[in-house]
>>> print(open('input-v9.cif').read())   # mmCIF, C-alpha atoms
data_query
loop_
_atom_site.label_atom_id
_atom_site.label_comp_id
_atom_site.auth_asym_id
_atom_site.auth_seq_id
_atom_site.Cartn_x
_atom_site.Cartn_y
_atom_site.Cartn_z
CA MET Q 1 -65.38 58.70 -118.97
CA PRO Q 2 -64.15 57.81 -115.49
CA LEU Q 3 -65.81 59.40 -112.51
CA LYS Q 4 -63.81 62.03 -110.64
CA PRO Q 5 -62.63 61.09 -107.18
CA ASP Q 6 -64.18 63.00 -104.28
CA SER Q 7 -66.98 64.48 -106.37
CA CYS Q 8 -70.58 63.79 -107.25
CA TYR Q 9 -71.74 63.01 -110.79
CA ILE Q 10 -74.87 65.06 -111.37
CA ILE Q 11 -77.39 63.77 -113.92
CA ALA Q 12 -80.12 66.11 -115.13
CA GLU Q 13 -83.13 63.89 -115.77
CA VAL Q 14 -84.88 65.09 -118.91
CA GLY Q 15 -86.72 61.82 -119.46
CA SER Q 16 -89.58 62.53 -121.85
CA ASN Q 17 -90.01 66.18 -120.90
CA HIS Q 18 -89.10 67.25 -124.44
CA LEU Q 19 -92.77 66.65 -125.32
CA GLY Q 20 -91.87 65.82 -128.91
CA MET Q 21 -90.04 69.10 -129.57
CA ILE Q 22 -86.33 68.94 -130.34
CA ASP Q 23 -85.84 72.62 -129.50
CA LEU Q 24 -87.18 71.89 -126.01
CA ALA Q 25 -84.87 68.89 -125.69
CA VAL Q 26 -81.90 71.09 -126.65
CA LYS Q 27 -83.02 73.75 -124.16
CA HIS Q 28 -83.06 71.12 -121.39
CA ILE Q 29 -79.45 70.25 -122.24
CA GLU Q 30 -78.40 73.91 -122.24
CA ILE Q 31 -80.06 74.52 -118.87
CA ALA Q 32 -78.56 71.35 -117.39
CA ALA Q 33 -75.09 72.43 -118.50
CA SER Q 34 -75.55 75.96 -117.18
CA CYS Q 35 -76.55 74.52 -113.80
CA GLY Q 36 -73.36 72.45 -113.63
CA ALA Q 37 -74.79 69.01 -114.42
CA ASP Q 38 -72.37 66.36 -115.65
CA ALA Q 39 -74.95 64.70 -117.90
CA ALA Q 40 -78.39 65.10 -119.43
CA LYS Q 41 -80.40 61.87 -119.47
CA PHE Q 42 -83.30 61.05 -121.74
CA GLN Q 43 -85.44 57.92 -122.25
CA LEU Q 44 -85.65 55.93 -125.47
CA PHE Q 45 -88.77 53.85 -125.98
CA LYS Q 46 -91.79 53.32 -128.17
CA LEU Q 47 -95.12 53.32 -126.37
CA GLU Q 48 -95.45 49.64 -127.28
CA ASP Q 49 -92.35 48.97 -125.12
CA VAL Q 50 -93.89 50.36 -121.95
CA LEU Q 51 -97.68 50.19 -122.26
CA ILE Q 52 -100.06 47.27 -122.63
CA ASP Q 53 -102.34 49.45 -124.76
CA ALA Q 54 -100.15 51.92 -126.68
CA SER Q 55 -103.24 53.65 -128.06
CA GLN Q 56 -103.72 55.13 -124.59
CA GLY Q 57 -100.31 56.86 -124.64
CA ASP Q 58 -98.99 60.18 -125.87
CA ARG Q 59 -96.57 59.73 -128.78
CA ARG Q 60 -94.95 63.07 -127.92
CA LEU Q 61 -93.23 61.27 -125.05
CA GLU Q 62 -91.25 59.09 -127.46
CA LEU Q 63 -87.74 60.26 -128.26
CA PRO Q 64 -87.27 60.05 -132.04
CA ILE Q 65 -84.17 58.04 -132.98
CA GLU Q 66 -83.37 60.73 -135.55
CA TRP Q 67 -82.64 63.14 -132.69
CA LEU Q 68 -79.87 61.03 -131.13
CA PRO Q 69 -76.96 62.46 -133.17
CA GLU Q 70 -78.02 66.07 -132.56
CA LEU Q 71 -78.68 65.61 -128.85
CA SER Q 72 -75.35 63.87 -128.45
CA ASP Q 73 -73.61 66.70 -130.32
CA VAL Q 74 -75.34 69.40 -128.26
CA CYS Q 75 -74.25 67.67 -125.06
CA ARG Q 76 -70.69 67.48 -126.34
CA GLU Q 77 -70.76 71.19 -127.28
CA HIS Q 78 -71.87 72.00 -123.72
CA HIS Q 79 -69.28 69.66 -122.18
CA ILE Q 80 -71.74 67.31 -120.55
CA ASP Q 81 -72.46 63.64 -121.18
CA PHE Q 82 -75.44 62.43 -123.17
CA LEU Q 83 -77.13 59.56 -121.34
CA CYS Q 84 -80.33 57.73 -122.14
CA THR Q 85 -82.33 54.94 -120.54
CA PRO Q 86 -83.18 52.14 -122.98
CA PHE Q 87 -86.47 50.31 -122.49
CA SER Q 88 -85.85 47.53 -125.02
CA SER Q 89 -83.08 45.72 -126.86
CA TRP Q 90 -83.62 47.81 -130.01
CA SER Q 91 -83.08 50.99 -128.00
CA VAL Q 92 -79.82 49.66 -126.50
CA LEU Q 93 -78.50 49.10 -130.01
CA ALA Q 94 -79.73 52.49 -131.25
CA LEU Q 95 -77.97 54.26 -128.37
CA LYS Q 96 -74.66 52.42 -128.65
CA PRO Q 97 -72.90 55.03 -130.85
CA TYR Q 98 -73.99 57.92 -128.61
CA VAL Q 99 -73.65 56.94 -124.95
CA TRP Q 100 -70.76 55.74 -122.81
CA ALA Q 101 -73.06 54.26 -120.15
CA TYR Q 102 -76.62 53.02 -119.86
CA LYS Q 103 -79.01 53.56 -116.97
CA ILE Q 104 -81.34 50.59 -116.81
CA GLY Q 105 -84.77 51.40 -115.38
CA SER Q 106 -85.81 49.68 -112.17
CA PHE Q 107 -88.66 47.83 -113.90
CA GLU Q 108 -86.27 46.56 -116.60
CA HIS Q 109 -83.49 45.28 -114.32
CA LYS Q 110 -84.50 41.64 -114.94
CA ARG Q 111 -84.98 41.96 -118.70
CA ASP Q 112 -82.50 39.55 -120.26
CA ASP Q 113 -83.04 40.99 -123.75
CA ILE Q 114 -81.82 44.40 -122.60
CA TRP Q 115 -78.78 43.01 -120.76
CA GLN Q 116 -77.84 40.80 -123.71
CA ALA Q 117 -78.12 43.72 -126.15
#
>>> encode(input="input-v9.cif", output="C-alpha cells")
Amino acid sequence: MPLKPDSCYIIAEVGSNHLGMIDLAVKHIEIAASCGADAAKFQLFKLEDVLIDASQGDRRLELPIEWLPELSDVCREHHIDFLCTPFSSWSVLALKPYVWAYKIGSFEHKRDDIWQA
C-alpha cells in the first residue's frame, strides 16, 4: 500500500500488550482504528529469540502464530494495516502472508538472517 502524499502514516504500537489474550489483541486493533490509526503493529518472537535465559521471561508476551490470520482479518475489517516486527528469520517467514511491510527492530538492524529471510 503506497503512502499518501502530504499525510502522516500513524502506527498504533501494540507490541506485546495483548498479554496472551487474543480478545485483548483484537480490542487493541479496534481502538487503534477508532482513533484513526493507519496500522496496528505487533511483535512476533519466542522468548528464546530475545532473552539469554528464556526461563526468566513471561510467555504471555509471545504472539502465537495461530493468531496471525485472525489479527490480519480484524485489521482488514477495520480498514487498517496489520504490521508486525519480526525478531528472527522464522518470524519473517511466518509473517509473509499477512504483512505488506516489516519494521525491523533497532537491535536487529544488523541481523543478516532477518534481512535474508
>>> closest_residue(input="input-v9.cif", among="Q:Pro86, Q:Ala94, Q:Arg76, Q:Ile65", to="Gly15 of chain Q", atoms="all atoms listed in the file")
Q:Pro86
>>> resolve_selection(input="input-v9.cif", expression="the PyMOL selection byres ((chain Q and resi 27) around 12)", output="PyMOL selection string")
chain Q and resi 14+17-18+21-26+28-34+40+71+74-75+78
>>> write_last_selection(input="input-v9.cif", atoms="C-alpha atoms", output="CSV table (one decimal), in the frame of the given file")
chain,number,residue,atom,x,y,z
Q,14,VAL,CA,-84.9,65.1,-118.9
Q,17,ASN,CA,-90.0,66.2,-120.9
Q,18,HIS,CA,-89.1,67.2,-124.4
Q,21,MET,CA,-90.0,69.1,-129.6
Q,22,ILE,CA,-86.3,68.9,-130.3
Q,23,ASP,CA,-85.8,72.6,-129.5
Q,24,LEU,CA,-87.2,71.9,-126.0
Q,25,ALA,CA,-84.9,68.9,-125.7
Q,26,VAL,CA,-81.9,71.1,-126.6
Q,28,HIS,CA,-83.1,71.1,-121.4
Q,29,ILE,CA,-79.4,70.2,-122.2
Q,30,GLU,CA,-78.4,73.9,-122.2
Q,31,ILE,CA,-80.1,74.5,-118.9
Q,32,ALA,CA,-78.6,71.4,-117.4
Q,33,ALA,CA,-75.1,72.4,-118.5
Q,34,SER,CA,-75.6,76.0,-117.2
Q,40,ALA,CA,-78.4,65.1,-119.4
Q,71,LEU,CA,-78.7,65.6,-128.8
Q,74,VAL,CA,-75.3,69.4,-128.3
Q,75,CYS,CA,-74.2,67.7,-125.1
Q,78,HIS,CA,-71.9,72.0,-123.7
>>> atom_distance(input="input-v9.cif", atom1="atom CA of Val99 of chain Q", atom2="atom CA of Phe82 of chain Q")
6.0 Å
>>> atom_distance(input="input-v9.cif", atom1="atom CA of Ile114 of chain Q", atom2="atom CA of Leu44 of chain Q")
12.5 Å
>>> residues_near_point(input="input-v9.cif", point="(-77.9, 57.5, -123.8)", cutoff="7 Å", atoms="all atoms listed in the file", output="ChimeraX atom specification")
/Q:41-42,82-85,95,98-99,101-102
>>> write_last_selection(input="input-v9.cif", atoms="C-alpha atoms", output="CSV table (one decimal), keeping the file's coordinate frame")
chain,number,residue,atom,x,y,z
Q,41,LYS,CA,-80.4,61.9,-119.5
Q,42,PHE,CA,-83.3,61.0,-121.7
Q,82,PHE,CA,-75.4,62.4,-123.2
Q,83,LEU,CA,-77.1,59.6,-121.3
Q,84,CYS,CA,-80.3,57.7,-122.1
Q,85,THR,CA,-82.3,54.9,-120.5
Q,95,LEU,CA,-78.0,54.3,-128.4
Q,98,TYR,CA,-74.0,57.9,-128.6
Q,99,VAL,CA,-73.6,56.9,-125.0
Q,101,ALA,CA,-73.1,54.3,-120.2
Q,102,TYR,CA,-76.6,53.0,-119.9
>>> closest_residue(input="input-v9.cif", among="Q:Trp67, Q:Tyr9, Q:Trp115, Q:Phe87", to="Asp49 of chain Q", atoms="only C-alpha atoms")
Q:Phe87
>>> atom_distance(input="input-v9.cif", atom1="atom CA of Lys4 of chain Q", atom2="atom CA of Lys103 of chain Q")
18.5 Å
>>> decode(input="input-v9.cif", residues="segment 60-87 of chain Q", atoms="N, CA, C and O atoms", output="compact mmCIF listing (two decimals), in the first residue's frame")
# COMPACT_ATOMS: atom_id res chain seq x y z
N ARG Q 60 3.41 -15.00 28.12
CA ARG Q 60 2.23 -14.26 27.66
C ARG Q 60 2.60 -13.14 26.69
O ARG Q 60 1.74 -12.64 25.96
N LEU Q 61 3.86 -12.76 26.67
CA LEU Q 61 4.30 -11.70 25.77
C LEU Q 61 4.50 -12.20 24.34
O LEU Q 61 4.55 -11.40 23.41
N GLU Q 62 4.59 -13.50 24.16
CA GLU Q 62 4.75 -14.07 22.82
C GLU Q 62 3.42 -13.99 22.07
O GLU Q 62 2.36 -14.23 22.64
N LEU Q 63 3.51 -13.65 20.80
CA LEU Q 63 2.33 -13.62 19.94
C LEU Q 63 2.20 -14.99 19.27
O LEU Q 63 3.08 -15.37 18.48
N PRO Q 64 1.16 -15.75 19.58
CA PRO Q 64 1.02 -17.06 18.96
C PRO Q 64 0.84 -16.96 17.44
O PRO Q 64 0.05 -16.14 16.96
N ILE Q 65 1.58 -17.76 16.70
CA ILE Q 65 1.48 -17.76 15.24
C ILE Q 65 0.05 -18.02 14.79
O ILE Q 65 -0.40 -17.47 13.78
N GLU Q 66 -0.67 -18.82 15.56
CA GLU Q 66 -2.05 -19.17 15.19
C GLU Q 66 -2.96 -17.95 15.15
O GLU Q 66 -4.02 -18.00 14.53
N TRP Q 67 -2.57 -16.86 15.79
CA TRP Q 67 -3.38 -15.65 15.79
C TRP Q 67 -3.21 -14.81 14.53
O TRP Q 67 -4.04 -13.94 14.26
N LEU Q 68 -2.15 -15.02 13.78
CA LEU Q 68 -1.84 -14.13 12.65
C LEU Q 68 -2.99 -13.99 11.67
O LEU Q 68 -3.33 -12.86 11.29
N PRO Q 69 -3.62 -15.08 11.22
CA PRO Q 69 -4.73 -14.90 10.26
C PRO Q 69 -5.87 -14.06 10.84
O PRO Q 69 -6.40 -13.17 10.16
N GLU Q 70 -6.25 -14.32 12.08
CA GLU Q 70 -7.36 -13.56 12.67
C GLU Q 70 -7.01 -12.09 12.87
O GLU Q 70 -7.82 -11.21 12.56
N LEU Q 71 -5.82 -11.81 13.37
CA LEU Q 71 -5.43 -10.42 13.57
C LEU Q 71 -5.36 -9.67 12.25
O LEU Q 71 -5.80 -8.52 12.15
N SER Q 72 -4.84 -10.33 11.24
CA SER Q 72 -4.80 -9.73 9.91
C SER Q 72 -6.21 -9.45 9.40
O SER Q 72 -6.49 -8.36 8.87
N ASP Q 73 -7.11 -10.40 9.58
CA ASP Q 73 -8.51 -10.22 9.14
C ASP Q 73 -9.20 -9.10 9.90
O ASP Q 73 -9.93 -8.30 9.31
N VAL Q 74 -8.98 -9.03 11.21
CA VAL Q 74 -9.60 -7.97 12.01
C VAL Q 74 -9.11 -6.60 11.55
O VAL Q 74 -9.89 -5.65 11.43
N CYS Q 75 -7.81 -6.49 11.28
CA CYS Q 75 -7.29 -5.23 10.76
C CYS Q 75 -7.95 -4.87 9.43
O CYS Q 75 -8.37 -3.73 9.22
N ARG Q 76 -8.06 -5.84 8.56
CA ARG Q 76 -8.69 -5.61 7.26
C ARG Q 76 -10.15 -5.15 7.44
O ARG Q 76 -10.60 -4.22 6.78
N GLU Q 77 -10.87 -5.80 8.34
CA GLU Q 77 -12.27 -5.43 8.61
C GLU Q 77 -12.38 -3.99 9.13
O GLU Q 77 -13.39 -3.33 8.89
N HIS Q 78 -11.35 -3.53 9.83
CA HIS Q 78 -11.37 -2.17 10.37
C HIS Q 78 -10.61 -1.17 9.49
O HIS Q 78 -10.38 -0.04 9.89
N HIS Q 79 -10.22 -1.63 8.31
CA HIS Q 79 -9.57 -0.78 7.31
C HIS Q 79 -8.27 -0.16 7.80
O HIS Q 79 -7.96 1.01 7.52
N ILE Q 80 -7.50 -0.96 8.53
CA ILE Q 80 -6.15 -0.55 8.89
C ILE Q 80 -5.20 -1.69 8.55
O ILE Q 80 -5.62 -2.84 8.37
N ASP Q 81 -3.93 -1.36 8.43
CA ASP Q 81 -2.92 -2.36 8.08
C ASP Q 81 -2.50 -3.15 9.32
O ASP Q 81 -2.43 -2.62 10.42
N PHE Q 82 -2.22 -4.42 9.09
CA PHE Q 82 -1.63 -5.28 10.12
C PHE Q 82 -0.13 -5.27 9.89
O PHE Q 82 0.35 -5.64 8.82
N LEU Q 83 0.63 -4.82 10.87
CA LEU Q 83 2.08 -4.82 10.81
C LEU Q 83 2.62 -5.59 12.01
O LEU Q 83 1.94 -5.71 13.03
N CYS Q 84 3.82 -6.09 11.87
CA CYS Q 84 4.41 -6.87 12.95
C CYS Q 84 5.92 -6.85 12.81
O CYS Q 84 6.45 -7.00 11.71
N THR Q 85 6.61 -6.65 13.93
CA THR Q 85 8.06 -6.67 13.94
C THR Q 85 8.54 -8.11 14.13
O THR Q 85 8.20 -8.74 15.14
N PRO Q 86 9.34 -8.62 13.18
CA PRO Q 86 9.92 -9.95 13.36
C PRO Q 86 11.25 -9.85 14.12
O PRO Q 86 12.01 -8.91 13.92
N PHE Q 87 11.50 -10.82 14.98
CA PHE Q 87 12.74 -10.83 15.75
C PHE Q 87 13.65 -11.99 15.37
O PHE Q 87 14.62 -12.25 16.05
